[in-house]
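Read the structure below first, then the notes.
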Amino acid sequence: MYRSYHLFMHFLASGQYYGTTNRTLKLGGLVITDTAYTHDRVDWHYHENPYITFILQGRLNETAKKDTYRCGQGDLLFHNWDEAHTNSKPPGFTRGCHVELGPAWLKTMDYNLNRLQGSFHSAHPLARLLAGRLHRETMLADADPASHIAIEETVVHLLDTLAHENIVLQKDQPSWVKKIRELLNDGGYETLSLVQLASLLDLHPVHLSRDFRKYFGCGLSDYIRKVKIGRSLLLLADPANSLAGISFDSGFSDQSHFGRCFREIMHTSPKVYRQWLLNK
């Protein structure tokens with residue numbers, strides 16, 4: 001049921017976003033758009049369907065009822081259909097990929113969004129990688145029908161990842177969970193051993209190894225690789241950055257190692273992904 005305050009807000013129908021939409025893909029109730037933000041600020045509004053925004057380039061500030069999210073390249077936002085929000089864009093070019101979850105798709109997939117309510121911001125490295133992979137598959141959709149299956153699989157995996165993160169963040173957590181998330185996401189600690197990381201957290205290394213998956217949804221080594229590849233996605237958005245420089249800045253020992261890890265996780269090479277990202 002529409003809430004009364006919606007009467008005083010702008011309503012955006014399926015596939016509509018403020019800005020210039022460069023590409024739209026419709027797939028069984030999924031509506032995926034690639035949109036450049038052209039408004040410095042937009043008033044309070046809400047959308048017909050729940051959707052995910054993945055910031056491809058630039059920055060975006062978004063205010064919902066309970067919080068303001070300051071998003072940069074690689075960050076994700078989830079909004080349920082009735083969640084009102086307003087946006088402001090800092091100076092510069094900003095571009096986003098929107099994944100809209102239409103009722104037909106949710107019904108066909110029998111997917112329940114109960115674990116994802118309201119508005120939710122994520123910078124989880126796995127969510128970032130899945131969103132990047134999803135964007136890549138949308139660029140292939142016209143030429144490769146198999147991409148349609150890959151898109152739907154990736155959307156389900158992405159929703160599950162966001163739901164798991166949302167539930168975990170709402171629960172009481174040991175203090176070490178927040179600390180190791182900050183250490184690994186900020187960078188500079190990827191080369192430490194399990195024993196060294198555990199020592200920084202005042203934990204037994206076996207305890208860290210066993211409990212990490214409970215809070216992060218994957219093993220410690222997998223998380224570190226995903227953080228580094230996620231960092232590279234942001235750097236690839238700037239054509240001035242060389243692949244050699246990106247591999248070093250992302251925390252890899254050399255460019256060949258970077259390329260192998262990137263292909264394993266993203267299913268393509270850094271060079272090709274950059275071409276898709278920049279629409280070249």
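Residues are referred to by chain and number: the chain letter is A, B, ... according to the order shown in the structure tokens, the number counts from 1 in that chain, and ligands are numbered separately from 1 in the order shown.
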
**Request:** Can you pull out every residue within 10 Å of segment 202-207 of chain A, counting only C-alpha atoms, but drop anything in the same chain fewer than 6 positions away, and send it as a ChimeraX atom specification?
**Result:** /A:176,193-196

Print the selection's residues with N, CA and C atoms to a file, as an mmCIF file, in the first residue's frame.
```cif
data_model
loop_
_atom_site.group_PDB
_atom_site.id
_atom_site.type_symbol
_atom_site.label_atom_id
_atom_site.label_comp_id
_atom_site.auth_asym_id
_atom_site.auth_seq_id
_atom_site.Cartn_x
_atom_site.Cartn_y
_atom_site.Cartn_z
ATOM 1 N N TRP A 176 36.412 -7.637 16.843
ATOM 2 C CA TRP A 176 37.433 -7.917 15.830
ATOM 3 C C TRP A 176 36.864 -7.912 14.413
ATOM 4 N N SER A 193 50.636 -12.575 7.472
ATOM 5 C CA SER A 193 50.248 -13.978 7.636
ATOM 6 C C SER A 193 49.019 -14.078 8.529
ATOM 7 N N LEU A 194 48.439 -15.272 8.576
ATOM 8 C CA LEU A 194 47.284 -15.513 9.447
ATOM 9 C C LEU A 194 47.648 -15.223 10.903
ATOM 10 N N VAL A 195 48.836 -15.635 11.306
ATOM 11 C CA VAL A 195 49.278 -15.413 12.688
ATOM 12 C C VAL A 195 49.441 -13.930 12.977
ATOM 13 N N GLN A 196 49.990 -13.176 12.020
ATOM 14 C CA GLN A 196 50.195 -11.745 12.216
ATOM 15 C C GLN A 196 48.861 -10.995 12.289
#
```

**Prompt:** Could you name the residues that touch Lys89 of chain A at 10 Å or less, counting only C-alpha atoms, but leaving out those on the same chain fewer than 3 positions away, as a list of chain:residue names?
**Reply:** A:Tyr37, A:Thr38, A:His39, A:Asp40, A:Arg41, A:Val42, A:Gly58, A:Arg59, A:Leu60, A:Asn61, A:Glu62, A:Arg70, A:Cys71, A:Gly92, A:Phe93, A:Thr94

Interface rows for segment 21-125 of chain A against segment 268-280 of chain A: nearest pair, Å to one decimal, 12 Å, only C-alpha atoms, as a tab-separated table:
```
residue	atom	partner	partner_atom	distance
A:Asn22	CA	A:Asn279	CA	10.0
A:Arg23	CA	A:Asn279	CA	10.5
A:Asp34	CA	A:Leu277	CA	10.4
A:Ile55	CA	A:Leu277	CA	11.3
A:Leu56	CA	A:Leu277	CA	7.6
A:Gln57	CA	A:Leu277	CA	9.0
A:Gln73	CA	A:Leu277	CA	11.8
A:Gly74	CA	A:Leu277	CA	11.8
A:Arg95	CA	A:Leu277	CA	10.4
A:Gly96	CA	A:Leu277	CA	10.8
A:Cys97	CA	A:Leu277	CA	10.6
```

Could you write those residues out with N, CA and C atoms, as an mmCIF file, in the first residue's frame?
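Result saved to part_14.cif:
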```cif
data_model
loop_
_atom_site.group_PDB
_atom_site.id
_atom_site.type_symbol
_atom_site.label_atom_id
_atom_site.label_comp_id
_atom_site.auth_asym_id
_atom_site.auth_seq_id
_atom_site.Cartn_x
_atom_site.Cartn_y
_atom_site.Cartn_z
ATOM 1 N N ASN A 22 21.932 5.477 -21.111
ATOM 2 C CA ASN A 22 22.681 5.114 -22.308
ATOM 3 C C ASN A 22 22.282 3.758 -22.860
ATOM 4 N N ARG A 23 21.796 2.886 -21.962
ATOM 5 C CA ARG A 23 21.499 1.519 -22.390
ATOM 6 C C ARG A 23 20.462 0.924 -21.446
ATOM 7 N N ASP A 34 22.030 1.562 -17.789
ATOM 8 C CA ASP A 34 23.317 2.235 -17.620
ATOM 9 C C ASP A 34 23.028 3.725 -17.769
ATOM 10 N N ILE A 55 27.595 2.010 -8.546
ATOM 11 C CA ILE A 55 28.270 3.208 -9.049
ATOM 12 C C ILE A 55 29.461 2.785 -9.916
ATOM 13 N N LEU A 56 29.348 3.032 -11.199
ATOM 14 C CA LEU A 56 30.400 2.667 -12.149
ATOM 15 C C LEU A 56 31.526 3.696 -12.173
ATOM 16 N N GLN A 57 31.152 4.958 -12.116
ATOM 17 C CA GLN A 57 32.130 6.046 -12.160
ATOM 18 C C GLN A 57 31.605 7.213 -11.329
ATOM 19 N N GLN A 73 32.892 5.104 -6.556
ATOM 20 C CA GLN A 73 32.975 4.033 -7.539
ATOM 21 C C GLN A 73 33.046 2.679 -6.833
ATOM 22 N N GLY A 74 32.203 1.751 -7.290
ATOM 23 C CA GLY A 74 32.221 0.406 -6.733
ATOM 24 C C GLY A 74 31.234 0.184 -5.610
ATOM 25 N N ARG A 95 28.223 7.928 -13.085
ATOM 26 C CA ARG A 95 27.490 6.955 -13.904
ATOM 27 C C ARG A 95 27.163 5.739 -13.059
ATOM 28 N N GLY A 96 25.955 5.216 -13.237
ATOM 29 C CA GLY A 96 25.550 4.068 -12.443
ATOM 30 C C GLY A 96 24.840 3.016 -13.261
ATOM 31 N N CYS A 97 24.901 1.782 -12.794
ATOM 32 C CA CYS A 97 24.160 0.667 -13.366
ATOM 33 C C CYS A 97 23.026 0.336 -12.394
#
```

**Message:** One decimal, in Å: what's the spacing between atom CA of Glu48 of chain A and atom CA of Ala104 of chain A?
**Reply:** 13.0 Å

**Request:** Write out as a ChimeraX atom specification the residues lying within 8 Å of segment 128-140 of chain A, counting only C-alpha atoms and excluding same-chain residues fewer than 2 positions away.
**Result:** /A:25,32,54,74-76,97,123-126,142-144,147-148,150-151,154-155,157-158,226,229-230,233,265-267,273,276-277

**Item:** Atom pair atom CA of Asp160 of chain A / atom CA of Gln16 of chain A: separation (Å)
**Value:** 25.0 Å

**Request:** Record the distance separating atom CA of Phe262 of chain A and atom CA of Ile167 of chain A, expressed in Å with one decimal.
**Result:**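 Separation between atom CA of Phe262 of chain A and atom CA of Ile167 of chain A: 28.5 Å.
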
**Request:** Once DSSP has gone over the backbone, tell me which residues of segment 189-237 of chain A are in alpha helix (DSSP H), as JSON, numbers by chain.
**Result:** {"A": [194, 195, 196, 197, 198, 199, 200, 205, 206, 207, 208, 209, 210, 211, 212, 213, 214, 215, 216, 220, 221, 222, 223, 224, 225, 226, 227, 228, 229, 230, 231, 232, 233, 234, 235, 236]}

Residues of segment 198-245 of chain A that approach segment 249-256 of chain A to 10 Å or less, counting only C-alpha atoms: could you list each one with the shortest pair of atoms and its distance in Å to one decimal, rows by chain and increasing residue number, as CSV?
```
residue,atom,partner,partner_atom,distance
A:Ile224,CA,A:Gly251,CA,9.8
A:Arg225,CA,A:Gly251,CA,9.3
A:Val227,CA,A:Ser250,CA,8.6
A:Lys228,CA,A:Ser250,CA,5.2
A:Ile229,CA,A:Ser250,CA,7.0
A:Gly230,CA,A:Ser250,CA,8.5
A:Arg231,CA,A:Ser250,CA,5.7
A:Ser232,CA,A:Ser250,CA,5.5
A:Leu233,CA,A:Ser250,CA,9.3
A:Leu234,CA,A:Ser250,CA,9.7
A:Leu235,CA,A:Ser250,CA,8.4
A:Leu243,CA,A:Gln255,CA,7.2
A:Ala244,CA,A:Gln255,CA,5.5
A:Gly245,CA,A:Asp249,CA,6.0
```

**Request:** May I have the residues within 9 Å of Ile52 of chain A as a ChimeraX atom specification, using only C-alpha atoms and disregarding those fewer than 6 positions away in the same chain?
**Result:** /A:76-80,97-101,159

Take the selection from the previous step and output its residues with C-alpha atoms, as a short mmCIF file (atom, residue, chain, number, x, y, z; two decimals), in the first residue's frame.
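Writing done, so here's result06.cif:
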```
data_model
loop_
_atom_site.label_atom_id
_atom_site.label_comp_id
_atom_site.auth_asym_id
_atom_site.auth_seq_id
_atom_site.Cartn_x
_atom_site.Cartn_y
_atom_site.Cartn_z
CA LEU A 76 26.17 -0.34 -4.11
CA LEU A 77 22.79 0.85 -2.88
CA PHE A 78 19.63 -1.19 -2.46
CA HIS A 79 16.19 0.47 -2.25
CA ASN A 80 12.90 -1.29 -1.79
CA CYS A 97 24.16 0.67 -13.37
CA HIS A 98 20.62 0.09 -12.03
CA VAL A 99 19.20 -3.41 -11.60
CA GLU A 100 15.43 -3.19 -11.16
CA LEU A 101 13.58 -6.20 -9.76
CA LEU A 159 20.91 -10.31 -3.68
#
```

**DSSP strand (DSSP E) residues within segment 19-244 of chain A, listed as an MDAnalysis selection string** = chainID A and resid 20:27 30:37 41:47 51:57 60:63 68:71 76:79 85:88 94:101 119:122

**Message:** Taking only C-alpha atoms into account, name the residue in A:Tyr51, A:Tyr111, A:Tyr189, A:Tyr18 that is nearest to Glu83 of chain A.
**Reply:**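 Looking at the shortest contact to Glu83 of chain A, the residue is A:Tyr51.
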
**Asked** Within 7 Å of Thr63 of chain A, counting only C-alpha atoms, which residues qualify if same-chain residues fewer than 4 places away don't, as a PyMOL selection string?
**Response** chain A and resi 67-69+85-87

**Message:** Would you pick out the contacts of Ala84 of chain A at 9 Å or less, using only C-alpha atoms, so that residues sharing its chain but fewer than 2 positions from it are not included, and give the list as a count of residues only?
**Reply:** 16

**Message:** Please determine, counting only C-alpha atoms, which residue among A:Lys107, A:Lys26, A:His10, A:His164 has the shortest atom-to-atom distance to Lys214 of chain A.
**Reply:**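 That would be A:His164, the residue with the smallest distance to Lys214 of chain A.
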